[in-house]
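*Asks:* Input structure: start-v1.txt, which contains compact mmCIF, C-alpha atoms.
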```txt
# COMPACT_ATOMS: atom_id res chain seq x y z
CA MET O 258 20.15 21.35 4.60
CA LYS O 259 18.41 22.94 1.64
CA VAL O 260 14.63 23.31 2.09
CA ARG O 261 12.40 24.44 -0.73
CA SER O 262 10.01 27.17 0.40
CA LEU O 263 6.29 26.82 -0.09
CA ARG O 264 6.37 30.32 -1.57
CA ALA O 265 8.41 28.94 -4.47
CA CYS O 266 5.31 27.09 -5.64
CA GLY O 267 3.38 30.24 -6.44
CA ALA O 268 0.04 31.43 -5.12
CA VAL O 269 -2.28 28.58 -4.26
CA ALA O 270 -5.55 29.01 -3.73
CA ALA O 271 -11.92 10.32 7.74
CA ALA O 272 -14.63 8.97 7.17
CA VAL O 273 -16.48 9.12 3.91
CA SER O 274 -19.50 11.37 3.41
CA LEU O 275 -22.09 8.74 4.15
CA ALA O 276 -25.07 10.25 2.35
CA LEU O 277 -23.07 11.10 -0.75
CA LEU O 278 -21.40 7.73 -0.99
CA THR O 279 -24.59 5.80 -0.40
CA SER O 280 -26.55 7.73 -2.99
CA ALA O 281 -23.75 7.46 -5.52
CA CYS O 282 -23.35 3.72 -5.38
CA GLY O 283 -26.69 2.08 -4.84
CA ALA O 284 -27.18 -1.49 -3.72
CA GLY O 285 -25.17 -4.36 -5.14
CA SER O 286 -26.50 -7.70 -6.31
CA THR O 287 -26.06 -10.64 -3.97
CA ASN O 288 -28.30 -13.29 -5.49
CA SER O 289 -25.90 -15.08 -7.82
CA PRO O 290 -25.81 -18.82 -7.22
CA ALA O 291 -22.64 -20.56 -6.12
CA ALA O 292 -22.98 -22.98 -9.03
CA ALA O 293 -24.60 -22.69 -12.40
CA ASP O 294 -28.06 -24.17 -13.00
CA ASP O 295 -26.62 -26.87 -15.29
CA GLY O 296 -24.50 -28.20 -12.43
CA LYS O 297 -21.24 -27.00 -13.90
CA PRO O 298 -18.95 -24.98 -11.63
CA VAL O 299 -19.09 -21.22 -11.68
CA THR O 300 -15.94 -19.73 -13.21
CA LEU O 301 -14.76 -16.53 -11.58
CA THR O 302 -12.31 -14.13 -13.20
CA TYR O 303 -9.74 -12.76 -10.76
CA TRP O 304 -7.34 -9.89 -11.45
CA THR O 305 -4.47 -8.89 -9.20
CA TRP O 306 -0.80 -7.94 -9.08
CA THR O 307 -0.13 -9.33 -5.58
CA GLY O 308 2.59 -11.83 -4.75
CA GLY O 309 1.61 -15.48 -4.41
CA ALA O 310 -1.89 -14.87 -5.75
CA GLU O 311 -1.63 -17.31 -8.65
CA ALA O 312 -0.53 -20.08 -6.29
CA ALA O 313 -3.42 -19.28 -3.94
CA ALA O 314 -5.92 -19.42 -6.81
CA ALA O 315 -4.52 -22.78 -7.90
CA ALA O 316 -4.88 -24.12 -4.36
CA PHE O 317 -8.49 -22.96 -4.27
CA ASN O 318 -9.26 -24.68 -7.57
CA LYS O 319 -7.85 -27.99 -6.31
CA THR O 320 -10.17 -28.05 -3.32
CA HIS O 321 -13.40 -26.62 -4.74
CA THR O 322 -15.73 -28.24 -7.23
CA ASP O 323 -18.56 -25.71 -7.49
CA ILE O 324 -16.36 -22.63 -8.06
CA GLN O 325 -13.25 -22.32 -10.20
CA VAL O 326 -11.05 -19.25 -10.47
CA ARG O 327 -9.40 -17.99 -13.65
CA PHE O 328 -6.41 -15.92 -12.57
CA SER O 329 -4.93 -12.97 -14.48
CA GLN O 330 -1.87 -10.96 -13.49
CA ILE O 331 -2.30 -7.21 -14.02
CA PRO O 332 0.10 -4.30 -13.40
CA SER O 333 0.15 -2.60 -10.04
CA GLY O 334 -0.48 1.10 -9.61
CA ALA O 335 -2.21 3.44 -12.04
CA ASP O 336 -1.95 1.09 -15.04
CA GLY O 337 -3.70 -1.69 -13.15
CA TYR O 338 -6.49 0.58 -11.93
CA SER O 339 -7.03 1.97 -15.42
CA LYS O 340 -7.36 -1.58 -16.70
CA ILE O 341 -9.94 -2.44 -14.02
CA SER O 342 -11.99 0.75 -14.38
CA ASN O 343 -11.99 0.57 -18.18
CA ALA O 344 -13.17 -3.04 -18.02
CA ILE O 345 -15.98 -2.06 -15.63
CA LYS O 346 -17.13 0.70 -17.98
CA ALA O 347 -17.03 -1.72 -20.91
CA GLY O 348 -19.03 -4.37 -19.05
CA ASP O 349 -16.12 -6.79 -19.17
CA ALA O 350 -14.78 -6.52 -15.62
CA PRO O 351 -13.39 -9.37 -13.53
CA ASP O 352 -15.59 -10.82 -10.81
CA VAL O 353 -12.89 -10.27 -8.17
CA ALA O 354 -10.12 -7.67 -8.11
CA THR O 355 -7.68 -6.49 -5.51
CA ILE O 356 -8.12 -2.82 -4.64
CA GLU O 357 -5.68 -1.00 -2.38
CA TYR O 358 -7.19 0.71 0.65
CA SER O 359 -6.29 4.09 -0.85
CA MET O 360 -8.51 3.38 -3.87
CA VAL O 361 -11.53 1.78 -2.20
CA PRO O 362 -13.36 5.10 -1.54
CA GLU O 363 -12.71 6.22 -5.11
CA PHE O 364 -13.99 2.99 -6.70
CA ALA O 365 -16.96 2.79 -4.33
CA SER O 366 -18.03 6.41 -4.78
CA GLN O 367 -17.99 5.98 -8.57
CA GLY O 368 -20.28 2.96 -8.38
CA TYR O 369 -17.57 0.53 -9.52
CA LEU O 370 -17.97 -1.97 -6.68
CA GLU O 371 -20.70 -4.32 -5.53
CA ASP O 372 -22.05 -3.76 -2.02
CA LEU O 373 -20.73 -6.70 0.04
CA THR O 374 -22.60 -5.87 3.24
CA ALA O 375 -24.94 -8.86 3.09
CA SER O 376 -22.32 -11.40 2.00
CA SER O 377 -19.16 -10.16 3.74
CA GLY O 378 -20.12 -7.51 6.31
CA GLU O 379 -20.22 -9.94 9.23
CA LEU O 380 -16.94 -11.52 8.10
CA VAL O 381 -15.21 -8.14 8.12
CA GLU O 382 -16.69 -7.19 11.49
CA LYS O 383 -15.68 -10.41 13.22
CA SER O 384 -12.37 -11.27 11.57
CA PHE O 385 -10.45 -8.02 11.21
CA PRO O 386 -9.20 -5.26 13.55
CA ALA O 387 -11.32 -2.12 13.78
CA GLY O 388 -8.64 0.11 12.24
CA VAL O 389 -8.57 -2.01 9.10
CA GLN O 390 -12.36 -2.41 8.98
CA ASN O 391 -12.65 1.36 8.73
CA LEU O 392 -10.68 1.31 5.48
CA VAL O 393 -13.24 -0.87 3.68
CA THR O 394 -16.53 -0.12 5.47
CA PHE O 395 -18.16 3.29 5.11
CA GLY O 396 -21.44 4.80 4.09
CA GLY O 397 -23.03 2.10 6.23
CA LYS O 398 -21.81 -0.53 3.77
CA THR O 399 -18.94 -2.96 3.31
CA TRP O 400 -17.22 -2.44 -0.05
CA SER O 401 -14.32 -4.87 0.13
CA VAL O 402 -12.65 -7.38 2.45
CA PRO O 403 -9.23 -6.58 3.95
CA PHE O 404 -6.22 -8.67 3.05
CA ASP O 405 -3.11 -7.24 4.67
CA ALA O 406 -1.91 -4.71 7.22
CA THR O 407 1.09 -2.69 6.10
CA PRO O 408 2.92 -0.83 8.85
CA GLN O 409 6.15 0.68 7.58
CA VAL O 410 9.38 -1.15 8.35
CA TYR O 411 13.03 -0.53 7.56
CA PHE O 412 15.27 -2.93 5.59
CA TYR O 413 19.05 -2.58 5.82
CA ARG O 414 22.21 -4.34 4.70
CA LYS O 415 23.74 -5.72 7.88
CA ASP O 416 27.14 -6.26 6.28
CA LEU O 417 27.35 -2.76 4.81
CA PHE O 418 26.16 -1.04 7.96
CA GLU O 419 28.97 -2.82 9.78
CA LYS O 420 31.44 -1.84 7.04
CA TYR O 421 30.52 1.85 7.33
CA GLY O 422 30.31 1.81 11.13
CA VAL O 423 26.64 2.76 11.07
CA THR O 424 24.02 1.64 13.58
CA VAL O 425 20.41 1.11 12.62
CA PRO O 426 18.74 4.54 12.94
CA LYS O 427 15.83 4.82 15.34
CA THR O 428 14.91 8.42 14.50
CA TRP O 429 14.94 10.46 11.31
CA ASP O 430 17.74 12.65 12.67
CA GLU O 431 19.82 9.50 13.14
CA TYR O 432 18.85 8.42 9.63
CA ARG O 433 20.25 11.64 8.16
CA ALA O 434 23.43 11.34 10.20
CA ALA O 435 23.88 7.77 8.97
CA ALA O 436 23.28 8.93 5.38
CA GLU O 437 26.02 11.54 5.70
CA ARG O 438 28.45 8.99 7.11
CA ILE O 439 27.75 6.45 4.36
CA LYS O 440 28.22 8.99 1.57
CA ALA O 441 31.46 10.24 3.14
CA ALA O 442 32.81 6.69 3.38
CA ASP O 443 31.79 5.73 -0.16
CA PRO O 444 30.79 8.51 -2.59
CA GLU O 445 29.02 5.92 -4.80
CA ALA O 446 26.80 4.61 -2.01
CA ARG O 447 23.65 6.07 -0.48
CA ILE O 448 21.59 5.10 2.53
CA GLY O 449 18.51 4.66 0.36
CA SER O 450 16.26 6.07 -2.29
CA PHE O 451 13.31 8.45 -2.09
CA PRO O 452 10.97 8.46 -5.09
CA THR O 453 8.76 11.50 -5.48
CA ASP O 454 5.53 9.49 -5.39
CA ALA O 455 2.44 10.05 -3.32
CA PRO O 456 2.09 6.61 -1.66
CA LEU O 457 5.40 6.93 0.20
CA GLN O 458 4.83 10.61 0.96
CA ALA O 459 1.39 9.71 2.33
CA ALA O 460 2.72 6.90 4.52
CA LEU O 461 5.46 9.08 6.00
CA SER O 462 3.03 11.97 6.52
CA TRP O 463 0.61 9.56 8.21
CA GLN O 464 3.43 8.47 10.52
CA ALA O 465 4.08 12.10 11.40
CA GLY O 466 0.44 12.67 12.37
CA ALA O 467 -1.05 14.04 9.14
CA LYS O 468 -4.68 13.49 8.18
CA TRP O 469 -4.93 14.05 4.44
CA PHE O 470 -8.72 13.79 4.23
CA ARG O 471 -11.39 14.61 6.80
CA ILE O 472 -15.14 15.03 6.85
CA ALA O 473 -16.68 18.31 8.02
CA ASP O 474 -20.45 18.87 8.16
CA GLY O 475 -21.06 16.14 5.62
CA ALA O 476 -18.43 17.42 3.18
CA TRP O 477 -14.94 16.33 2.16
CA LYS O 478 -12.09 18.39 3.56
CA PRO O 479 -8.69 17.65 2.01
CA GLU O 480 -5.75 18.75 4.19
CA ILE O 481 -2.83 17.33 2.24
CA ASN O 482 -0.65 20.39 2.75
CA ASP O 483 -0.85 20.28 6.55
CA ALA O 484 1.97 20.94 9.03
CA PRO O 485 3.07 17.30 9.57
CA SER O 486 3.21 16.75 5.81
CA GLN O 487 5.24 19.93 5.34
CA LYS O 488 7.71 18.71 7.97
CA VAL O 489 8.12 15.40 6.19
CA ALA O 490 8.49 17.10 2.80
CA ALA O 491 11.13 19.49 4.15
CA PHE O 492 13.15 16.62 5.61
CA TRP O 493 13.17 14.58 2.44
CA GLN O 494 13.70 17.56 0.15
CA GLY O 495 16.81 18.30 2.18
CA MET O 496 17.96 14.70 1.74
CA LEU O 497 17.40 14.95 -2.01
CA ASP O 498 18.96 18.41 -2.41
CA ASP O 499 22.03 17.36 -0.45
CA ASP O 500 22.42 14.20 -2.55
CA LEU O 501 22.08 11.89 0.44
CA VAL O 502 19.56 9.57 -1.24
CA PHE O 503 18.96 8.34 -4.75
CA LYS O 504 15.78 9.26 -6.66
CA TYR O 505 14.99 5.80 -8.00
CA GLY O 506 11.34 4.83 -8.21
CA ALA O 507 10.20 2.12 -5.83
CA GLY O 508 10.62 -1.32 -7.37
CA THR O 509 12.16 -0.01 -10.60
CA PRO O 510 15.00 -1.90 -12.32
CA GLU O 511 17.36 0.93 -11.30
CA GLU O 512 16.48 0.61 -7.64
CA ASN O 513 16.68 -3.18 -7.72
CA LYS O 514 20.10 -3.06 -9.38
CA SER O 515 21.36 -0.55 -6.83
CA LYS O 516 20.19 -2.72 -3.94
CA ALA O 517 21.78 -5.77 -5.53
CA ASP O 518 25.17 -4.15 -6.13
CA GLY O 519 25.31 -2.60 -2.66
CA THR O 520 25.16 1.08 -3.60
CA THR O 521 21.75 1.33 -1.93
CA VAL O 522 22.29 0.08 1.59
CA SER O 523 18.80 0.33 3.10
CA ALA O 524 15.19 0.78 2.04
CA LEU O 525 11.86 2.02 3.38
CA GLY O 526 9.15 -0.58 2.95
CA ALA O 527 6.45 -2.70 4.52
CA SER O 528 5.93 -6.40 5.13
CA TRP O 529 5.04 -7.02 1.49
CA SER O 530 8.45 -5.72 0.40
CA ALA O 531 10.29 -8.80 1.66
CA GLY O 532 8.82 -11.20 -0.91
CA GLY O 533 10.24 -9.16 -3.75
CA MET O 534 13.64 -9.03 -2.09
CA VAL O 535 13.71 -12.80 -1.75
CA SER O 536 12.89 -13.32 -5.43
CA THR O 537 14.97 -10.49 -6.97
CA MET O 538 18.05 -10.66 -4.72
CA PRO O 539 18.49 -14.34 -3.77
CA ASP O 540 22.30 -13.95 -3.64
CA LEU O 541 21.97 -11.50 -0.74
CA LYS O 542 20.38 -14.04 1.56
CA GLU O 543 21.33 -13.43 5.23
CA LYS O 544 22.78 -10.00 4.40
CA TRP O 545 19.53 -8.05 4.88
CA GLY O 546 17.97 -7.22 8.21
CA VAL O 547 14.68 -5.59 9.14
CA ALA O 548 13.90 -3.05 11.87
CA PRO O 549 11.13 -0.64 12.88
CA ILE O 550 10.86 2.44 10.69
CA PRO O 551 12.73 5.51 12.04
CA HIS O 552 10.43 7.97 13.76
CA TRP O 553 10.18 11.59 14.95
CA GLY O 554 10.74 10.88 18.64
CA THR O 555 8.01 8.37 19.46
CA PRO O 556 7.70 4.98 17.73
CA ALA O 557 4.99 5.29 15.08
CA SER O 558 4.08 4.02 11.65
CA GLY O 559 1.80 4.82 8.76
CA MET O 560 0.43 2.18 6.43
CA TYR O 561 2.44 1.85 3.23
CA GLY O 562 0.14 0.20 0.72
CA GLY O 563 -2.33 -2.45 1.76
CA THR O 564 -4.79 -4.44 -0.29
CA SER O 565 -8.39 -5.61 -0.11
CA PHE O 566 -10.60 -7.90 -2.20
CA ALA O 567 -13.61 -6.46 -3.99
CA VAL O 568 -16.36 -7.65 -6.32
CA THR O 569 -16.66 -5.34 -9.31
CA LYS O 570 -19.99 -3.83 -10.31
CA GLY O 571 -22.07 -6.01 -12.57
CA SER O 572 -20.55 -9.35 -11.60
CA GLU O 573 -22.97 -12.17 -12.42
CA HIS O 574 -21.42 -14.33 -9.72
CA ALA O 575 -21.30 -12.05 -6.69
CA LYS O 576 -22.23 -14.81 -4.23
CA ALA O 577 -19.55 -17.16 -5.54
CA ALA O 578 -17.06 -14.29 -5.57
CA ALA O 579 -17.79 -13.61 -1.90
CA GLU O 580 -17.15 -17.27 -1.11
CA PHE O 581 -13.76 -17.11 -2.85
CA ILE O 582 -12.90 -13.88 -1.05
CA LYS O 583 -13.74 -15.44 2.32
CA TRP O 584 -11.46 -18.37 1.54
CA VAL O 585 -8.57 -16.27 0.29
CA THR O 586 -8.66 -13.96 3.33
CA THR O 587 -9.34 -16.48 6.13
CA ASP O 588 -8.37 -20.02 5.09
CA PRO O 589 -4.87 -21.11 6.18
CA ALA O 590 -4.38 -23.01 2.91
CA SER O 591 -4.55 -19.72 1.02
CA MET O 592 -1.75 -18.13 3.03
CA GLU O 593 0.40 -21.25 2.93
CA ALA O 594 0.13 -21.29 -0.87
CA ARG O 595 1.01 -17.59 -1.11
CA ILE O 596 4.06 -17.85 1.12
CA GLY O 597 5.25 -21.02 -0.61
CA ALA O 598 4.93 -19.72 -4.18
CA LEU O 599 8.18 -20.38 -6.02
CA LYS O 600 8.10 -17.64 -8.69
CA ASN O 601 6.51 -14.78 -6.83
CA PRO O 602 6.25 -15.50 -3.09
CA SER O 603 4.20 -13.31 -0.78
CA SER O 604 5.43 -11.83 2.47
CA ALA O 605 2.22 -9.93 3.19
CA LEU O 606 1.18 -9.55 6.82
CA PRO O 607 -2.48 -10.63 6.82
CA ALA O 608 -4.85 -8.26 8.58
CA ASN O 609 -6.66 -11.28 9.98
CA PRO O 610 -4.68 -12.20 13.14
CA ALA O 611 -5.27 -15.93 12.68
CA MET O 612 -3.91 -15.77 9.13
CA ALA O 613 -0.93 -13.73 10.31
CA ALA O 614 -0.01 -16.63 12.60
CA VAL O 615 -0.21 -19.00 9.64
CA ALA O 616 2.02 -16.72 7.57
CA ALA O 617 4.59 -16.47 10.36
CA LYS O 618 4.80 -20.25 10.58
CA ALA O 619 5.05 -20.71 6.81
CA PHE O 620 7.61 -17.96 6.10
CA ASP O 621 11.23 -19.05 5.64
CA THR O 622 13.20 -16.75 7.96
CA SER O 623 16.57 -17.83 6.60
CA TYR O 624 16.74 -14.93 4.11
CA PHE O 625 16.93 -12.52 7.05
CA GLY O 626 19.39 -14.71 8.93
CA GLY O 627 16.70 -16.30 11.09
CA GLN O 628 15.26 -12.98 12.22
CA ASP O 629 11.60 -13.20 13.27
CA PHE O 630 10.27 -11.18 10.37
CA TYR O 631 6.59 -11.66 11.10
CA GLY O 632 7.06 -11.09 14.79
CA LEU O 633 8.63 -7.71 14.10
CA THR O 634 6.14 -6.60 11.44
CA GLY O 635 3.25 -7.82 13.56
CA ARG O 636 4.38 -5.71 16.50
CA GLN O 637 4.50 -2.64 14.27
CA VAL O 638 0.73 -2.85 13.71
CA ALA O 639 0.26 -1.43 17.20
CA THR O 640 2.30 1.65 16.20
CA ILE O 641 0.06 2.63 13.25
CA VAL O 642 -1.23 6.14 13.95
CA PRO O 643 -5.06 5.97 14.11
CA GLY O 644 -7.53 8.21 12.34
CA TRP O 645 -6.29 8.16 8.74
CA THR O 646 -8.91 8.36 5.97
CA TRP O 647 -8.36 7.97 2.25
CA GLY O 648 -10.22 10.38 -0.01
CA PRO O 649 -12.43 9.72 -3.05
CA VAL O 650 -10.00 11.17 -5.63
CA TRP O 651 -6.73 9.42 -4.78
CA GLY O 652 -5.84 8.55 -8.37
CA LYS O 653 -5.79 12.22 -9.40
CA VAL O 654 -3.97 13.29 -6.25
CA ASN O 655 -1.36 10.58 -6.73
CA ALA O 656 -0.63 11.54 -10.35
CA ASP O 657 -0.53 15.30 -9.77
CA PHE O 658 1.68 15.06 -6.69
CA LYS O 659 4.17 12.89 -8.53
CA ASP O 660 4.39 15.20 -11.55
CA GLU O 661 4.70 18.42 -9.56
CA ALA O 662 7.12 17.01 -6.98
CA ALA O 663 9.40 15.73 -9.75
CA ARG O 664 9.44 19.16 -11.42
CA ASN O 665 9.49 21.57 -8.50
CA GLY O 666 10.07 19.68 -5.27
CA LEU O 667 8.07 17.93 -2.58
CA ALA O 668 6.64 21.07 -0.99
CA CYS O 669 5.19 22.10 -4.33
CA GLY O 670 3.87 18.57 -4.75
CA LEU O 671 1.85 18.98 -1.57
CA VAL O 672 0.44 22.30 -2.73
CA LYS O 673 -0.52 20.85 -6.10
CA ALA O 674 -2.05 17.76 -4.51
CA GLN O 675 -4.18 19.94 -2.23
CA GLU O 676 -5.41 21.99 -5.18
CA SER O 677 -5.99 18.84 -7.20
CA ALA O 678 -8.01 17.18 -4.45
CA ARG O 679 -10.35 20.14 -4.07
CA THR O 680 -10.86 20.52 -7.82
CA ALA O 681 -11.42 16.80 -8.38
CA ILE O 682 -13.91 16.50 -5.51
CA GLU O 683 -15.99 19.36 -6.92
CA SER O 684 -15.79 18.07 -10.48
CA ARG O 685 -17.07 14.69 -9.28
CA GLY O 686 -20.14 16.39 -7.83
CA LEU O 687 -19.15 15.56 -4.26
CA LYS O 688 -19.60 18.06 -1.46
CA LEU O 689 -16.46 20.03 -0.63
CA ALA O 690 -15.90 21.73 2.72
CA LYS O 691 -15.14 25.42 2.33
```
Before anything else, please render the file you have as structure tokens.

*Replies:*
Amino acid sequence: MKVRSLRACGAVAAAVSLALLTSACGAGSTNSPAAADDGKPVTLTYWTWTGGAEAAAAAFNKTHTDIQVRFSQIPSGADGYSKISNAIKAGDAPDVATIEYSMVPEFASQGYLEDLTASSGELVEKSFPAGVQNLVTFGGKTWSVPFDATPQVYFYRKDLFEKYGVTVPKTWDEYRAAAERIKAADPEARIGSFPTDAPLQAALSWQAGAKWFRIADGAWKPEINDAPSQKVAAFWQGMLDDDLVFKYGAGTPEENKSKADGTTVSALGASWSAGGMVSTMPDLKEKWGVAPIPHWGTPASGMYGGTSFAVTKGSEHAKAAAEFIKWVTTDPASMEARIGALKNPSSALPANPAMAAVAAKAFDTSYFGGQDFYGLTGRQVATIVPGWTWGPVWGKVNADFKDEAARNGLACGLVKAQESARTAIESRGLKLAK
């Protein structure tokens, strides 16, 4: 196995800081009426990229007279966040937007979100597990409402694993051995793909016990280049260098085509991944299976993705927005509409346990040959390693890791991300631990 040394990168130089975050953001407005003074319904603008969201918004509109939701689909990832942040700066932001857990501290610390403590704090405290609450509540305030929990899971082609005589790997050593066997049996096939992007690297590092951001004496302490992360980077750099996995980006046309034609025979994902598989690969119904993510010796998972609902700063309808958010995160009709969407169905595992039960009942298990998809993904929640904290400069870290890792390897990506985090924290005027 080829492992890129950290020395090849050149010389390199938990909770949120409560006082800093509180002072940076101020108090949000919570006095908007649920309906306009003229008796007409309030119209909320709602931006998201998530599966089934348009169907959920339509279901809400059918059953509510005082609030109506105008839905807009936006890109996921950096393009979507640029669209949201630019709209906030221009005073033309949506009332409600989905913000991934990794971006909540960044948006909150820049003053881009309304404080939802008064309207949604009790909802979050009573309806969601503590580990998920911690991702949206900090600085003594609630900044968004959780939607899903996203423990990593492993998708694999049952027919192709049987063809190549490969069993579902339980550990990463078994995963590499299976990769070698698949490539030897079919030089055109690979066990999977590993894009050099920060979200997947973060999830796998989380699984291995990394803590990319901590708080020390009231200051941010990024530790992206820690020992667990280096172990993960070394493993996957070896897989890439030895041509045992493709380099396709997650969800790209190239990756989707490779999955569809059988040259990619398994994939790392989370519960939300299944909805896309159902819609993009309908002809492979009953050929895919799902299993726990391989581990380092003890079953464990990091969170891969995960979304929350926020009210953007300056919304004139914050109270109505909070009502919609409560419905979309806790009302069974919302989840039933998402799962049943024809064009873009959701397979998200709701963080709210009651909603997870609704999703499990509504989900059509036939695509996975009758396998209890929600039962398996739900059990993986208990394996999420506790104690992870996202930092306030994730967008910069994400971009710099991706660029450096693509050029010089994953180990160098970690080094660059560590440098980037420290520089960005200081440039934002936030306190940095020495």

*Asks:* Using all atoms listed in the file, which of the listed residues (O:Ala598, O:Ala611, O:Val650, O:Ala531) sits closest to Thr407 in chain O?

*Replies:*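 Counting all atoms listed in the file, the residue closest to Thr407 in chain O is O:Ala531.
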
*Asks:* I want to know what sits within 7 Å of Ala524 in chain O, based on all atoms listed in the file, with residues of the same chain fewer than 6 positions away left out; could you give that as a PDB file with C-alpha atoms, keeping the file's coordinate frame?

*Replies:*
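Wrote it out as selection-v2.pdb, contents follow:
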```
ATOM      1  CA  TYR O 411      13.030  -0.530   7.560  1.00  0.00           C
ATOM      2  CA  PHE O 412      15.270  -2.930   5.590  1.00  0.00           C
ATOM      3  CA  TYR O 413      19.050  -2.580   5.820  1.00  0.00           C
ATOM      4  CA  GLY O 449      18.510   4.660   0.360  1.00  0.00           C
ATOM      5  CA  SER O 450      16.260   6.070  -2.290  1.00  0.00           C
TER       6      SER O 450
END
```

*Asks:* Which residue, O:Gln628, O:Asn343, O:Thr634, O:Asn609, has the smallest gap to Val410 in chain O when you use only C-alpha atoms?

*Replies:*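 Nearest to Val410 in chain O: O:Thr634.
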
*Asks:* Figure out the distance between CA of Tyr561 in chain O and CA of Val402 in chain O, please, to one decimal in Å.

*Replies:* 17.7 Å

*Asks:* Might you pull out every residue within 8 Å of Leu497 in chain O, with only C-alpha atoms counted and same-chain residues fewer than 6 positions away left off, and present them as a list in words?

*Replies:*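 Skipping anything fewer than 6 positions along the chain leaves Phe451, Phe503 and Lys504 of chain O.
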
*Asks:* Would you mind exporting C-alpha atoms of the selected residues as a PDB file, keeping the file's coordinate frame?

*Replies:*
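File written: selection_25.pdb
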```
ATOM      1  CA  PHE O 451      13.310   8.450  -2.090  1.00  0.00           C
ATOM      2  CA  PHE O 503      18.960   8.340  -4.750  1.00  0.00           C
ATOM      3  CA  LYS O 504      15.780   9.260  -6.660  1.00  0.00           C
TER       4      LYS O 504
END
```

*Asks:* Listed atoms of range 611-621 of chain O, axis-aligned box, 5 Å per side: centre and edge lengths to one decimal in Å, as lines of an AutoDock Vina configuration file?

*Replies:*
```
center_x = 3.0
center_y = -17.2
center_z = 9.2
size_x = 26.5
size_y = 17.0
size_z = 17.0
```

*Asks:* Report, in Å to a single decimal, how far apart CA of Glu419 in chain O and CA of Val489 in chain O are.

*Replies:*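 That distance, rounded to one decimal, is 27.9 Å.
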
*Asks:* Leaving out Ser591 in chain O and any residue of its chain fewer than 4 positions from it, which residues lie within 9 Å of it when counting only C-alpha atoms, given as an MDAnalysis selection string?

*Replies:* chainID O and resid 310 312:314 316:317 584:587 595:596

*Asks:* What's the 12 Å shell around Lys383 in chain O, counting all atoms listed in the file, without same-chain residues fewer than 3 positions away, as a CSV table (one decimal) with C-alpha atoms, keeping the file's coordinate frame?

*Replies:*
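The result, written out as out.csv:
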```
chain,number,residue,atom,x,y,z
O,377,SER,CA,-19.2,-10.2,3.7
O,378,GLY,CA,-20.1,-7.5,6.3
O,379,GLU,CA,-20.2,-9.9,9.2
O,380,LEU,CA,-16.9,-11.5,8.1
O,386,PRO,CA,-9.2,-5.3,13.6
O,387,ALA,CA,-11.3,-2.1,13.8
O,389,VAL,CA,-8.6,-2.0,9.1
O,390,GLN,CA,-12.4,-2.4,9.0
O,402,VAL,CA,-12.6,-7.4,2.4
O,403,PRO,CA,-9.2,-6.6,4.0
O,587,THR,CA,-9.3,-16.5,6.1
O,608,ALA,CA,-4.8,-8.3,8.6
O,609,ASN,CA,-6.7,-11.3,10.0
O,610,PRO,CA,-4.7,-12.2,13.1
O,611,ALA,CA,-5.3,-15.9,12.7
```

*Asks:* For Ala375 in chain O, which residue out of O:Ala406, O:Thr399, O:Gly495, O:Ala662 is the nearest one, using only C-alpha atoms?

*Replies:*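 Of the candidates, the smallest distance to Ala375 in chain O is held by O:Thr399.
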
*Asks:* Go through O:Pro408, O:Glu661, O:Phe581, O:Ala344 and flag the residue nearest Ala315 in chain O, using all atoms listed in the file for the distances.

*Replies:*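 For Ala315 in chain O, the nearest of the given residues is O:Phe581.
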